[in-house]
>>> print(open('query_23.txt').read())   # compact mmCIF, C-alpha atoms
# COMPACT_ATOMS: atom_id res chain seq x y z
CA MET A 1 37.63 58.69 110.24
CA LEU A 2 38.23 62.21 108.86
CA PRO A 3 36.48 65.10 110.58
CA ASP A 4 33.65 66.74 108.67
CA VAL A 5 34.78 70.14 107.45
CA SER A 6 32.04 70.63 104.88
CA GLY A 7 30.08 72.99 107.08
CA LEU A 8 33.00 75.25 107.93
CA ARG A 9 33.77 78.44 106.08
CA LEU A 10 37.30 78.95 104.82
CA GLY A 11 38.01 81.65 107.37
CA GLN A 12 37.05 79.36 110.24
CA LEU A 13 39.56 76.72 109.17
CA SER A 14 42.63 78.96 109.21
CA LEU A 15 44.35 81.37 111.49
CA HIS A 16 44.93 83.46 108.38
CA ASP A 17 42.63 86.05 106.90
CA VAL A 18 40.55 84.87 103.95
CA ASP A 19 42.76 86.99 101.66
CA ASP A 20 45.96 85.36 102.96
CA THR A 21 47.72 83.00 100.58
CA MET A 22 48.41 80.15 103.03
CA GLY A 23 46.31 77.65 104.96
CA PHE A 24 43.09 75.87 103.95
CA TYR A 25 42.49 76.85 100.37
CA ALA A 26 39.99 76.01 97.62
CA PRO A 27 41.82 76.16 94.27
CA SER A 28 40.06 77.97 91.45
CA ASP A 29 39.31 76.23 88.20
CA ALA A 30 42.31 77.94 86.63
CA GLU A 31 44.58 76.85 89.48
CA TRP A 32 43.30 73.29 89.52
CA ALA A 33 45.37 72.30 86.48
CA THR A 34 48.60 73.44 88.16
CA VAL A 35 48.01 71.94 91.59
CA ASN A 36 50.70 69.42 92.46
CA ASP A 37 49.97 65.86 93.50
CA ASP A 38 49.88 65.24 97.22
CA PRO A 39 53.13 63.52 98.29
CA PHE A 40 51.15 61.09 100.44
CA THR A 41 48.21 60.11 98.26
CA LEU A 42 49.83 60.87 94.91
CA GLU A 43 46.50 62.45 93.92
CA LYS A 44 45.17 65.98 93.83
CA PRO A 45 45.34 67.16 97.49
CA VAL A 46 41.71 68.06 98.09
CA ALA A 47 39.19 67.15 100.77
CA THR A 48 35.65 68.32 100.11
CA ASN A 49 37.11 70.86 97.61
CA LEU A 50 39.71 72.11 100.11
CA SER A 51 43.48 71.78 100.04
CA PHE A 52 46.08 73.10 102.41
CA ARG A 53 48.35 75.52 100.61
CA VAL A 54 51.75 76.47 102.01
CA ARG A 55 53.87 79.26 100.67
CA LEU A 56 57.39 77.93 100.37
CA LEU A 57 60.30 79.80 101.88
CA ASP A 58 62.03 80.29 98.52
CA ASP A 59 60.24 82.54 96.03
CA GLY A 60 60.42 82.14 92.29
CA PRO A 61 63.20 83.61 90.10
CA ASN A 62 61.25 86.86 89.63
CA GLY A 63 60.20 87.15 93.26
CA GLU A 64 56.81 85.55 92.67
CA PRO A 65 55.47 83.35 95.52
CA ARG A 66 55.78 79.58 95.20
CA TYR A 67 53.16 77.27 96.78
CA LYS A 68 52.86 73.62 97.68
CA PHE A 69 49.41 72.01 97.97
CA PHE A 70 48.72 69.23 100.46
CA SER A 71 45.84 67.04 101.51
CA PRO A 72 44.98 68.68 104.87
CA TRP A 73 44.49 65.46 106.85
CA HIS A 74 47.62 63.76 105.54
CA LEU A 75 49.65 66.92 106.13
CA TRP A 76 48.40 67.05 109.74
CA GLU A 77 49.31 63.43 110.31
CA TRP A 78 52.83 64.29 109.21
CA VAL A 79 53.46 67.62 110.92
CA LYS A 80 52.05 66.62 114.30
CA GLU A 81 55.25 64.62 114.65
CA HIS A 82 57.61 66.60 112.43
CA GLN A 83 58.75 70.23 112.30
CA GLU A 84 59.32 70.14 108.55
CA LEU A 85 57.11 69.65 105.53
CA PRO A 86 57.31 66.26 103.83
CA THR A 87 59.73 65.79 100.96
CA ARG A 88 62.04 68.41 102.47
CA GLU A 89 60.03 71.35 101.20
CA GLY A 90 60.98 73.49 104.18
CA PRO A 91 59.80 74.17 107.75
CA ILE A 92 56.20 74.05 108.91
CA TYR A 93 55.19 77.54 110.00
CA TYR A 94 53.67 78.32 113.37
CA THR A 95 50.38 79.60 111.92
CA ASP A 96 50.02 76.62 109.57
CA TRP A 97 50.69 74.04 112.26
CA TRP A 98 48.09 75.53 114.61
CA ALA A 99 45.57 76.00 111.81
CA LEU A 100 45.75 72.26 111.16
CA CYS A 101 45.73 71.49 114.90
CA ASP A 102 42.60 73.58 115.51
CA VAL A 103 40.74 71.48 112.93
CA TYR A 104 42.11 68.00 113.57
CA ASN A 105 42.98 68.28 117.28
CA PRO A 106 40.63 71.02 118.50
CA ASP A 107 41.05 70.01 122.17
CA HIS A 108 44.83 70.39 121.84
CA HIS A 109 45.61 66.99 123.34
CA ASP A 110 49.23 65.87 123.49
CA ILE A 111 50.66 69.01 121.94
CA PRO A 112 54.44 68.58 121.49
CA PHE A 113 56.52 71.21 123.29
CA TRP A 114 58.22 72.28 120.10
CA ALA A 115 54.88 73.33 118.55
CA HIS A 116 55.01 76.45 120.71
CA THR A 117 58.47 77.36 119.39
CA LEU A 118 57.70 77.16 115.69
CA LYS A 119 58.38 80.35 113.75
CA LEU A 120 56.34 82.52 111.44
CA ARG A 121 57.33 82.65 107.81
CA SER A 122 58.23 86.32 108.25
CA GLU A 123 60.74 85.30 110.94
CA TYR A 124 62.40 82.84 108.58
CA VAL A 125 62.53 85.52 105.89
CA ALA A 126 64.03 88.02 108.34
CA GLU A 127 66.60 85.48 109.53
CA ARG A 128 67.54 84.64 105.96
CA ALA A 129 67.88 88.34 105.14
CA ALA A 130 70.01 88.83 108.24
CA ARG A 131 72.24 85.93 107.24
CA ALA A 132 72.52 87.31 103.73
CA GLN A 133 73.38 90.74 105.12
CA ALA A 134 75.96 89.22 107.46
CA ALA A 135 77.43 87.24 104.57
CA GLN A 136 77.63 90.41 102.46
CA GLU A 137 79.30 92.27 105.30
CA GLN A 138 81.76 89.42 105.81
CA GLN A 139 82.47 89.37 102.09
CA ALA A 140 82.95 93.14 102.09
CA ALA A 141 85.26 92.83 105.10
CA ARG A 142 87.25 90.14 103.33
CA GLU A 143 87.49 92.31 100.22
CA ARG A 144 88.60 95.31 102.30
CA GLU A 145 91.21 93.18 104.04
CA ARG A 146 92.35 91.78 100.70
CA ALA A 147 92.60 95.31 99.29
CA ALA A 148 94.50 96.43 102.40
CA GLN A 149 96.87 93.48 102.02
CA GLU A 150 97.40 94.35 98.35
CA GLN A 151 98.10 97.97 99.30
CA ARG A 152 100.56 96.87 101.98
CA ALA A 153 102.20 94.53 99.50
CA ALA A 154 102.36 97.32 96.91
CA ARG A 155 103.93 99.69 99.44
CA GLU A 156 106.40 97.00 100.42
CA ARG A 157 107.27 96.40 96.76
CA GLU A 158 107.68 100.14 96.28
CA ARG A 159 109.94 100.39 99.34
CA ALA A 160 111.96 97.41 98.09
CA ALA A 161 112.23 98.97 94.63
CA ARG A 162 113.42 102.27 96.11
CA ALA A 163 115.92 100.44 98.28
CA GLN A 164 117.16 98.51 95.26
CA GLU A 165 117.39 101.73 93.29
CA ARG A 166 119.41 103.34 96.08
CA ARG A 167 121.73 100.33 96.13
CA GLU A 168 122.21 100.41 92.37
CA ARG A 169 122.62 104.13 91.76
CA PRO A 170 125.88 105.89 92.51
CA ALA A 171 126.30 107.34 95.96
CA ARG A 172 125.35 110.98 96.32
CA ARG A 173 128.79 112.43 96.65
CA LEU A 174 130.13 115.67 95.29
CA PRO A 175 133.38 115.42 93.32
CA ARG A 176 136.54 115.84 95.34
CA LEU A 177 138.48 119.05 95.14
CA GLY A 178 141.68 118.30 93.28
CA ARG A 179 144.21 120.83 94.55
CA PRO A 180 144.73 123.10 97.54
CA GLY A 181 143.11 126.45 97.03
CA GLN A 182 140.23 125.08 94.98
CA VAL A 183 136.70 125.94 96.12
CA ARG A 184 133.40 124.50 95.05
CA LEU A 185 130.84 126.83 93.45
CA GLY A 186 127.18 125.85 93.91
CA PRO A 187 126.09 122.96 96.15
CA GLN A 188 128.41 122.36 99.08
CA ARG A 189 126.71 119.12 100.10
CA ALA A 190 124.81 116.49 98.12
CA THR A 191 121.76 117.11 100.32
CA ASP A 192 121.53 120.84 99.60
CA HIS A 193 118.24 122.32 98.35
CA LEU A 194 118.01 124.71 95.43
CA VAL A 195 116.47 128.16 95.92
CA GLU A 196 116.01 129.99 92.63
CA TRP A 197 114.99 133.41 91.31
CA GLU A 198 115.38 135.50 88.15
CA PHE A 199 115.40 139.13 87.12
CA TRP A 200 116.15 141.32 84.10
CA VAL A 201 118.37 144.37 83.63
CA LYS A 202 118.67 146.79 80.73
CA SER A 203 122.21 146.73 79.38
CA ASP A 204 124.21 146.59 76.15
CA ALA A 205 127.56 146.17 77.91
CA ASP A 206 129.72 143.06 78.27
CA PRO A 207 128.27 141.07 81.24
CA ARG A 208 131.29 138.81 81.82
CA TYR A 209 132.02 140.09 85.34
CA LEU A 210 128.43 140.54 86.48
CA PRO A 211 128.04 137.06 88.11
CA GLU A 212 131.15 137.58 90.29
CA SER A 213 130.02 141.07 91.25
CA ILE A 214 126.56 139.78 92.26
CA ARG A 215 128.12 137.01 94.35
CA GLN A 216 130.42 139.52 96.09
CA ASN A 217 127.55 141.87 96.92
CA PHE A 218 125.39 138.95 98.05
CA LYS A 219 128.09 137.75 100.48
CA THR A 220 128.61 141.24 101.86
CA TYR A 221 124.90 141.68 102.44
CA MET A 222 124.29 138.26 104.00
CA ASP A 223 127.37 138.50 106.24
CA ASP A 224 125.96 141.65 107.84
CA PRO A 225 125.10 140.62 111.45
CA THR A 226 122.02 142.85 111.37
CA ILE A 227 120.52 140.70 108.60
CA SER A 228 118.41 137.87 110.02
CA TYR A 229 116.06 135.46 108.30
CA GLY A 230 115.28 133.22 111.28
CA ASN A 231 118.33 130.98 111.55
CA GLU A 232 120.78 131.07 114.43
CA THR A 233 123.83 129.26 113.02
CA PRO A 234 125.54 131.57 110.51
CA ILE A 235 126.49 130.54 106.99
CA THR A 236 129.93 131.83 106.02
CA ASP A 237 130.18 130.72 102.39
CA TRP A 238 127.24 132.55 100.81
CA HIS A 239 129.26 133.58 97.75
CA LEU A 240 130.24 129.98 97.02
CA ARG A 241 126.67 128.72 97.31
CA LEU A 242 125.31 131.16 94.72
CA LYS A 243 125.56 130.41 90.99
CA VAL A 244 124.66 133.26 88.63
CA THR A 245 123.92 132.85 84.92
CA VAL A 246 123.63 135.95 82.69
CA THR A 247 122.05 135.58 79.26
CA PRO A 248 122.00 138.54 76.78
CA ALA A 249 118.62 139.15 75.12
CA ASP A 250 118.41 142.18 72.77
CA ARG A 251 119.65 145.12 74.89
CA MET A 252 118.65 143.30 78.06
CA LYS A 253 120.26 140.72 80.35
CA ARG A 254 118.40 137.83 81.91
CA VAL A 255 119.95 136.92 85.28
CA ARG A 256 119.23 133.58 86.94
CA CYS A 257 120.37 133.08 90.52
CA GLN A 258 120.62 129.57 91.98
CA LEU A 259 121.37 129.39 95.69
CA TYR A 260 122.20 126.02 97.29
CA LEU A 261 121.33 125.84 100.98
CA PRO A 262 121.06 123.12 103.64
CA ALA A 263 117.61 121.56 103.66
CA THR A 264 116.87 123.07 107.07
CA ARG A 265 117.58 126.58 105.77
CA ALA A 266 116.06 126.61 102.30
CA GLU A 267 112.38 127.10 103.17
CA GLY A 268 113.06 129.78 105.77
CA PHE A 269 115.30 131.71 103.38
CA THR A 270 112.72 131.45 100.58
CA SER A 271 109.94 132.86 102.78
CA TRP A 272 112.20 135.62 104.09
CA MET A 273 113.32 136.71 100.63
CA ASN A 274 109.79 136.71 99.21
CA PHE A 275 108.70 138.83 102.15
CA ARG A 276 111.54 141.31 101.59
CA LEU A 277 110.82 141.55 97.85
CA GLU A 278 107.16 142.23 98.50
CA HIS A 279 107.77 144.98 101.06
CA ALA A 280 110.95 146.64 99.77
CA GLY A 281 110.25 146.20 96.07
CA VAL A 282 112.27 144.29 93.47
CA SER A 283 114.54 147.13 92.35
CA GLU A 284 115.38 148.40 95.83
CA PHE A 285 115.90 144.97 97.42
CA PHE A 286 118.11 143.63 94.64
CA TRP A 287 120.18 146.81 94.90
CA GLN A 288 120.60 146.19 98.62
CA MET A 289 121.33 142.47 98.37
CA LEU A 290 122.92 141.96 94.93
CA GLY A 291 124.34 145.39 94.11
CA VAL A 292 122.27 145.62 90.92
CA ARG A 293 120.21 148.72 90.34
CA GLU A 294 117.15 148.94 88.06
CA ALA A 295 116.39 145.20 88.15
CA LYS A 296 112.94 144.01 87.14
CA GLN A 297 111.13 140.70 87.42
CA LEU A 298 109.22 140.38 84.17
CA GLY A 299 106.62 137.65 83.70
CA THR A 300 107.54 134.45 85.51
CA TYR A 301 109.81 131.65 84.60
CA LEU A 302 107.51 129.45 86.68
CA ASP A 303 105.01 129.36 83.83
CA ALA A 304 107.19 130.71 81.01
CA SER A 305 104.97 133.78 80.72
CA THR A 306 106.67 136.78 79.14
CA VAL A 307 103.73 139.16 78.75
CA TRP A 308 104.48 142.71 79.89
CA PRO A 309 104.14 144.00 82.57
CA GLY A 310 104.25 140.37 83.62
CA PRO A 311 103.40 140.26 87.34
CA TRP A 312 104.52 137.10 89.08
CA VAL A 313 102.00 134.49 90.13
CA GLY A 314 101.55 136.09 93.53
CA ALA A 315 104.27 137.91 95.42
CA ALA A 316 105.10 134.77 97.40
CA THR A 317 106.40 133.04 94.23
CA ARG A 318 109.09 135.54 93.22
CA VAL A 319 111.59 133.12 94.80
CA ARG A 320 110.98 129.39 95.00
CA ASN A 321 112.48 126.48 96.88
CA ARG A 322 112.77 123.66 94.34
CA GLY A 323 113.75 121.01 96.87
CA ALA A 324 116.75 118.66 96.91
CA TYR A 325 118.83 119.61 93.90
CA TRP A 326 120.14 116.06 93.40
CA ASP A 327 116.64 114.86 92.48
CA LEU A 328 115.98 117.68 90.01
CA PRO A 329 116.29 117.23 86.23
CA PRO A 330 119.18 118.96 84.49
CA ASP A 331 118.83 122.73 84.18
CA GLU A 332 117.00 123.87 81.08
CA ALA A 333 118.79 126.34 78.88
CA VAL A 334 117.97 129.90 79.81
CA GLY A 335 116.09 131.43 76.91
CA ASP A 336 117.40 134.54 75.20
CA THR A 337 113.98 135.76 74.06
CA ARG A 338 113.31 139.24 75.34
CA PRO A 339 109.93 139.74 77.04
CA ASP A 340 107.43 141.86 75.17
CA MET A 341 107.53 145.40 76.51
CA PRO A 342 105.97 148.61 75.17
CA THR A 343 108.58 150.94 73.67
CA ALA A 344 107.69 153.75 76.08
CA GLU A 345 108.19 151.45 79.04
CA PHE A 346 111.53 150.24 77.73
CA ASP A 347 112.76 153.78 77.00
CA ALA A 348 111.80 154.88 80.53
CA TRP A 349 113.71 151.96 82.06
CA GLN A 350 117.10 153.12 83.34
CA PRO A 351 120.21 151.15 82.31
CA LEU A 352 122.01 148.83 84.68
CA ARG A 353 124.17 150.25 87.46
CA VAL A 354 126.36 148.04 89.62
CA ARG A 355 127.92 148.37 93.07
CA THR A 356 131.65 147.60 92.90
CA TRP A 357 134.25 147.17 95.62
CA THR A 358 137.78 148.55 95.73
CA CYS A 359 139.97 148.23 98.83
CA GLY A 360 136.92 147.41 100.85
CA ARG A 361 135.04 150.52 99.72
CA ALA A 362 131.83 150.34 97.66
CA ARG A 363 131.01 152.64 94.79
CA GLU A 364 128.42 152.71 92.03
CA ALA A 365 129.35 152.28 88.36
CA ASP A 366 127.27 152.47 85.22
CA GLU A 367 127.19 149.58 82.78
CA ASN A 368 129.94 150.88 80.51
CA GLU A 369 132.35 151.73 83.32
CA PHE A 370 131.65 148.37 84.93
CA ALA A 371 132.45 146.55 81.68
CA ARG A 372 135.90 148.24 81.55
CA LEU A 373 136.91 147.33 85.11
CA ARG A 374 139.55 144.73 85.88
CA PRO A 375 138.18 141.53 87.44
CA ILE A 376 139.59 142.44 90.86
CA ASP A 377 137.86 145.84 90.72
CA ALA A 378 134.59 144.45 89.36
CA ALA A 379 134.17 141.72 91.95
CA GLY A 380 136.36 142.86 94.83
CA GLU A 381 138.96 141.17 96.95
CA VAL A 382 136.60 139.13 99.11
CA LEU A 383 136.19 136.46 96.46
CA GLY A 384 139.92 136.22 96.21
CA TRP A 385 139.68 134.88 92.68
CA ALA A 386 140.24 131.38 93.98
CA GLU A 387 139.93 128.61 91.45
CA VAL A 388 136.33 127.41 91.49
CA VAL A 389 135.06 124.03 90.37
>>> encode(input="query_23.txt", output="structure tokens")
Amino acid sequence: MLPDVSGLRLGQLSLHDVDDTMGFYAPSDAEWATVNDDPFTLEKPVATNLSFRVRLLDDGPNGEPRYKFFSPWHLWEWVKEHQELPTREGPIYYTDWWALCDVYNPDHHDIPFWAHTLKLRSEYVAERAARAQAAQEQQAARERERAAQEQRAARERERAARAQERRERPARRLPRLGRPGQVRLGPQRATDHLVEWEFWVKSDADPRYLPESIRQNFKTYMDDPTISYGNETPITDWHLRLKVTVTPADRMKRVRCQLYLPATRAEGFTSWMNFRLEHAGVSEFFWQMLGVREAKQLGTYLDASTVWPGPWVGAATRVRNRGAYWDLPPDEAVGDTRPDMPTAEFDAWQPLRVRTWTCGRAREADENEFARLRPIDAAGEVLGWAEVV
């Protein structure tokens, strides 16, 4: 015989507040049409106008709550021996189980041990959220590991491609010298780095001997034991490592110097030379080192700027280390376009003067006298006029 619940208020039948959505519940007229049939009686699950409504664990597609209505007595008969709702609708919650027990077993006889371990719905929701979070973290970890594996594979493919390229390309070897007495001008080893700088001089004279004269003066300066740029082991072939290109440009000469140094020396030399240019000045330092007076650095070939007065992009970039010369693209043609310069500035600029060497003695020559000198007088004996390749 069913217990009489007609005299009980809704709040007395449930551990929930009256406003809660679960427990003993009297459906409204509007809800009555949507109430499901009881899985036990196959009829509307009401007893004296009350049903037992359970909020299911899974919400609707838009997050709205989903409910299942049961006949209270039949639901109690089921859950007093089971920890799940009938028809696999989900677990029976702690509060729902004890709400039914307080009505249909108020003396709490023969309570199963597991009834005290049932969980609240909020605990199930929290556990599900934790599992979802853990799954997301595991998925993220798998994706990170997959990305890391792809990066490692890409690096390995890149290393393999570089190795294959090294195997396929010709060995980095300089051409052999053909005959005794030949010397190599420019890089002395395939691993040399290129240090480069440019300057301009004012001159109408024939510049054919200027590169050799600059190389001779450069060797003399760098061989001086009082000159130090931070390296202990001396270099004895400075003049062979320096290539000089002179390009006429409307009463001016553009001079490009390309110095090939061991990789361990290039950066130190570059810093030293930039420091000397900044503190001694372009004209004075190039006179000391290259034997060229009245040199100017106009604009910068680093950005092709030729706007007068054309300061370089910072004093530290007057000379640059371009790295391993073997990896560099072929040299671009040196332009013969004269930088823009106000007429007054150009007229005030003194013509080129060059330091020459005769019998080991240095003297200064103007551009016209220099152009008339014999090669041995223009460049000096130190170069020896050996055949260069």
>>> residues_around(input="query_23.txt", residues="range 182-187 of chain A", least_positions_apart="3", cutoff="10 Å", atoms="only C-alpha atoms", output="number ranges by chain")
A: 174-179, 190-194, 237-244, 258-262, 325-326, 386-389
>>> closest_residue(input="query_23.txt", among="A:Thr247, A:Gln149, A:Gln188, A:Thr343", to="Ser203 in chain A", atoms="only C-alpha atoms")
A:Thr247
>>> atom_distance(input="query_23.txt", atom1="CA of Glu156 in chain A", atom2="CA of Ala140 in chain A")
23.8 Å
>>> residues_around(input="query_23.txt", residues="range 278-291 of chain A", least_positions_apart="6", cutoff="12 Å", atoms="all atoms listed in the file", output="number ranges by chain")
A: 197-201, 210-224, 227, 238-239, 242, 244, 255, 257, 271-272, 297-298, 311-312, 314-319, 349-350, 352-357, 362-366, 378-379
>>> atom_distance(input="query_23.txt", atom1="CA of Asn105 in chain A", atom2="CA of Ser122 in chain A")
25.3 Å
>>> atom_distance(input="query_23.txt", atom1="CA of Ala135 in chain A", atom2="CA of Arg66 in chain A")
24.8 Å
>>> closest_residue(input="query_23.txt", among="A:Tyr93, A:Glu367, A:Pro330, A:Pro65", to="Arg293 in chain A", atoms="only C-alpha atoms")
A:Glu367
>>> closest_atom_pairs(input="query_23.txt", of="range 93-178 of chain A", to="range 50-62 of chain A", cutoff="10 Å", atoms="all atoms listed in the file", output="tab-separated table")
residue	atom	partner	partner_atom	distance
A:Tyr93	CA	A:Val54	CA	8.8
A:Asp96	CA	A:Val54	CA	7.8
A:Ala99	CA	A:Phe52	CA	9.9
A:Leu100	CA	A:Phe52	CA	8.8
A:Arg121	CA	A:Leu57	CA	7.2
A:Ser122	CA	A:Leu57	CA	9.3
A:Tyr124	CA	A:Leu57	CA	7.7
A:Val125	CA	A:Leu57	CA	7.3
A:Arg128	CA	A:Leu57	CA	9.6
>>> closest_residue(input="query_23.txt", among="A:Ala147, A:Ala26, A:Glu137, A:His82", to="Ala115 in chain A", atoms="all atoms listed in the file")
A:His82
